Number of protein chains: 2
Amino acid sequence: MKLSVRGEYALRALMVLARDFQEDDSVVRIQQISKKQNIPKRFLEQILNDLKSARIVESKRGVSGGYRLRRRPEQITLAEIVRHIEGPLAPVSCVSEKYYEKCSCPDESRCAIRSIMKQVRDDIVKVMESTTLANLAERSRKLEHEPAGHIDFVI
Amino acid sequence: MKLSVRGEYALRALMVLARDFQEDDSVVRIQQISKKQNIPKRFLEQILNDLKSARIVESKRGVSGGYRLRRRPEQITLAEIVRHIEGPLAPVSCVSEKYYEKCSCPDESRCAIRSIMKQVRDDIVKVMESTTLANLAERSRKLEHEPAGHIDFVI
DNA sequence: CACAATCTCTACTATGTCAATAGATATTAA
DNA sequence: TTAATATCTATTGACATAGTAGAGATTGTG
């Protein structure tokens, strides 16, 4: 049920780009992102390149090159990102909308597990589709100015 | 974000045991489960053995041997099963309650992604902890008697 | 023009996980 | 005794994961 490290890095990197987003065509260097988020630089290259092919980011080459979001942060949902990096959001493919695959159970249409998993899927999708990079950036900015003790969620 | 095939097989097998559950000490043969659910028999052996070590099922050896639930179906939640087979229910370990692990982000307590993922985790856990094998068995019985066209959820 | 900093592309690798498969053994009922 | 079952340990092939490495292309600056 877990996100891969790759997926986590993608989200963290895009959050940085969302926070630095400006309407002009300014870019952020890979190295900056890598440092800020503790992500191996060479690995991050691959991931950003991958996100480029998904038309989520765009790049500028050369000495003052770097990456930027290809669309405004309000228009990029976590669902889109995770789906591109990881595949289905659903816990089993037989309840996935975007990546449906038949499963091996004897009668899919009468599978009780499937109906439960569909509920789980819906909950996941609801959160992931309603959260944009803009939400993430805003939340990140707020948390930054919060005193350390006042964080309102626990492990 | 996906359940492994192993986890799916575990749920399907346990659903069979839940449906056949009786208060006496009657058992179900691996082969029956394997046939009914299209699960490779040898693989299923391993899985059931694993569930035995988790004290979810118990076994009887010998010629009329087999497996049965170790507790009543109402007392076994999907969360317990999946946690034992797969590990954390949470999409990232840094928001897992049972399998917490520190993540590599610069400041975990102020990570915006973390606070979103916590919400996803809570949704998943809510469904998985409130659903028992008894619920699953009951739902399965109902679906079985439903005419094919009337299934009320879609892909 | 030269150069250095950046992105780009391809390939490689070590490790681990997944989904089985196999074989030998122990247990039990008839 | 035998046949059907569970148990245990090991192995395998395929694939994914999380990187690492090297060479090349692009571009702004001096």
# chains A, B, ... in the order shown; residues from 1 in each chain; ligands from 1
$ closest_atom_pairs --of "chain B" --to "chain C" --cutoff "12 Å" --atoms "only C-alpha atoms (C1' of nucleotides)" --output "Markdown table"
| residue | atom | partner | partner_atom | distance |
| --- | --- | --- | --- | --- |
| B:Leu3 | CA | C:DC18 | C1' | 11.7 |
| B:Ser4 | CA | C:DC18 | C1' | 8.1 |
| B:Val5 | CA | C:DA19 | C1' | 8.0 |
| B:Arg6 | CA | C:DA19 | C1' | 7.9 |
| B:Gly7 | CA | C:DC18 | C1' | 11.2 |
| B:Tyr9 | CA | C:DA19 | C1' | 11.3 |
| B:Ile39 | CA | C:DA20 | C1' | 10.9 |
| B:Pro40 | CA | C:DA20 | C1' | 8.2 |
| B:Lys41 | CA | C:DA20 | C1' | 10.0 |
| B:Arg42 | CA | C:DT21 | C1' | 7.7 |
| B:Phe43 | CA | C:DA20 | C1' | 6.3 |
| B:Leu44 | CA | C:DA20 | C1' | 9.9 |
| B:Glu45 | CA | C:DA20 | C1' | 11.3 |
| B:Gln46 | CA | C:DA20 | C1' | 10.3 |
| B:Ile47 | CA | C:DA19 | C1' | 11.4 |
| B:Ser59 | CA | C:DT27 | C1' | 11.6 |
| B:Lys60 | CA | C:DT28 | C1' | 9.0 |
| B:Arg61 | CA | C:DT27 | C1' | 5.7 |
| B:Gly62 | CA | C:DT28 | C1' | 3.9 |
| B:Val63 | CA | C:DT28 | C1' | 5.6 |
| B:Ser64 | CA | C:DA29 | C1' | 6.9 |
| B:Gly65 | CA | C:DT28 | C1' | 8.0 |
| B:Gly66 | CA | C:DT28 | C1' | 11.6 |
| B:Glu86 | CA | C:DT17 | C1' | 11.5 |
$ select_by_dssp --residues "chain A" --states "helix (DSSP H, G or I)" --output "MDAnalysis selection string"
chainID A and resid 5:19 30:37 41:53 73:75 78:86 93:95 108:110 112:130 133:144 148:150
$ closest_atom_pairs --of "chain D" --to "chain B" --cutoff "8 Å" --atoms "only C-alpha atoms (C1' of nucleotides)" --output "CSV"
residue,atom,partner,partner_atom,distance
D:DA3,C1',B:Val63,CA,7.7
D:DA4,C1',B:Val63,CA,4.5
D:DT5,C1',B:Val63,CA,4.5
D:DA6,C1',B:Arg61,CA,4.9
$ write_last_selection --atoms "N, CA and C atoms (P, O5', C5', C4', C3', O3' and C1' of nucleotides)" --output "PDB file, in the first residue's frame"
ATOM      1  P    DA D   3      -1.620 -46.174  -1.132  1.00  0.00           P
ATOM      2  O5'  DA D   3      -2.647 -44.968  -1.314  1.00  0.00           O
ATOM      3  C5'  DA D   3      -3.919 -45.041  -0.659  1.00  0.00           C
ATOM      4  C4'  DA D   3      -4.233 -43.707  -0.018  1.00  0.00           C
ATOM      5  C3'  DA D   3      -3.835 -42.489  -0.866  1.00  0.00           C
ATOM      6  O3'  DA D   3      -4.935 -41.595  -0.888  1.00  0.00           O
ATOM      7  C1'  DA D   3      -3.013 -42.248   1.324  1.00  0.00           C
ATOM      8  P    DA D   4      -5.034 -40.492  -2.022  1.00  0.00           P
ATOM      9  O5'  DA D   4      -5.437 -39.225  -1.159  1.00  0.00           O
ATOM     10  C5'  DA D   4      -6.403 -39.344  -0.118  1.00  0.00           C
ATOM     11  C4'  DA D   4      -6.074 -38.333   0.953  1.00  0.00           C
ATOM     12  C3'  DA D   4      -5.764 -36.921   0.438  1.00  0.00           C
ATOM     13  O3'  DA D   4      -6.662 -36.003   1.042  1.00  0.00           O
ATOM     14  C1'  DA D   4      -4.148 -37.631   2.027  1.00  0.00           C
ATOM     15  P    DT D   5      -6.882 -34.566   0.435  1.00  0.00           P
ATOM     16  O5'  DT D   5      -5.869 -33.693   1.305  1.00  0.00           O
ATOM     17  C5'  DT D   5      -6.282 -33.257   2.577  1.00  0.00           C
ATOM     18  C4'  DT D   5      -5.116 -33.210   3.522  1.00  0.00           C
ATOM     19  C3'  DT D   5      -4.266 -31.963   3.469  1.00  0.00           C
ATOM     20  O3'  DT D   5      -4.916 -30.868   4.050  1.00  0.00           O
ATOM     21  C1'  DT D   5      -3.052 -33.931   4.137  1.00  0.00           C
ATOM     22  P    DA D   6      -4.327 -29.409   3.835  1.00  0.00           P
ATOM     23  O5'  DA D   6      -3.188 -29.293   4.927  1.00  0.00           O
ATOM     24  C5'  DA D   6      -3.520 -29.306   6.315  1.00  0.00           C
ATOM     25  C4'  DA D   6      -2.241 -29.456   7.129  1.00  0.00           C
ATOM     26  C3'  DA D   6      -1.352 -28.209   7.153  1.00  0.00           C
ATOM     27  O3'  DA D   6      -0.856 -28.004   8.469  1.00  0.00           O
ATOM     28  C1'  DA D   6      -0.118 -30.059   6.339  1.00  0.00           C
TER      29       DA D   6
END
$ interface_residues --of "chain A" --to "chain B" --cutoff "8 Å" --atoms "only C-alpha atoms" --output "PyMOL selection string"
chain A and resi 1-3+11-12+36-38+86+88-97+100+104-106+109-113+115-116+119-120+123-124+127+136-137+139-140+143-144+148+151+153+155
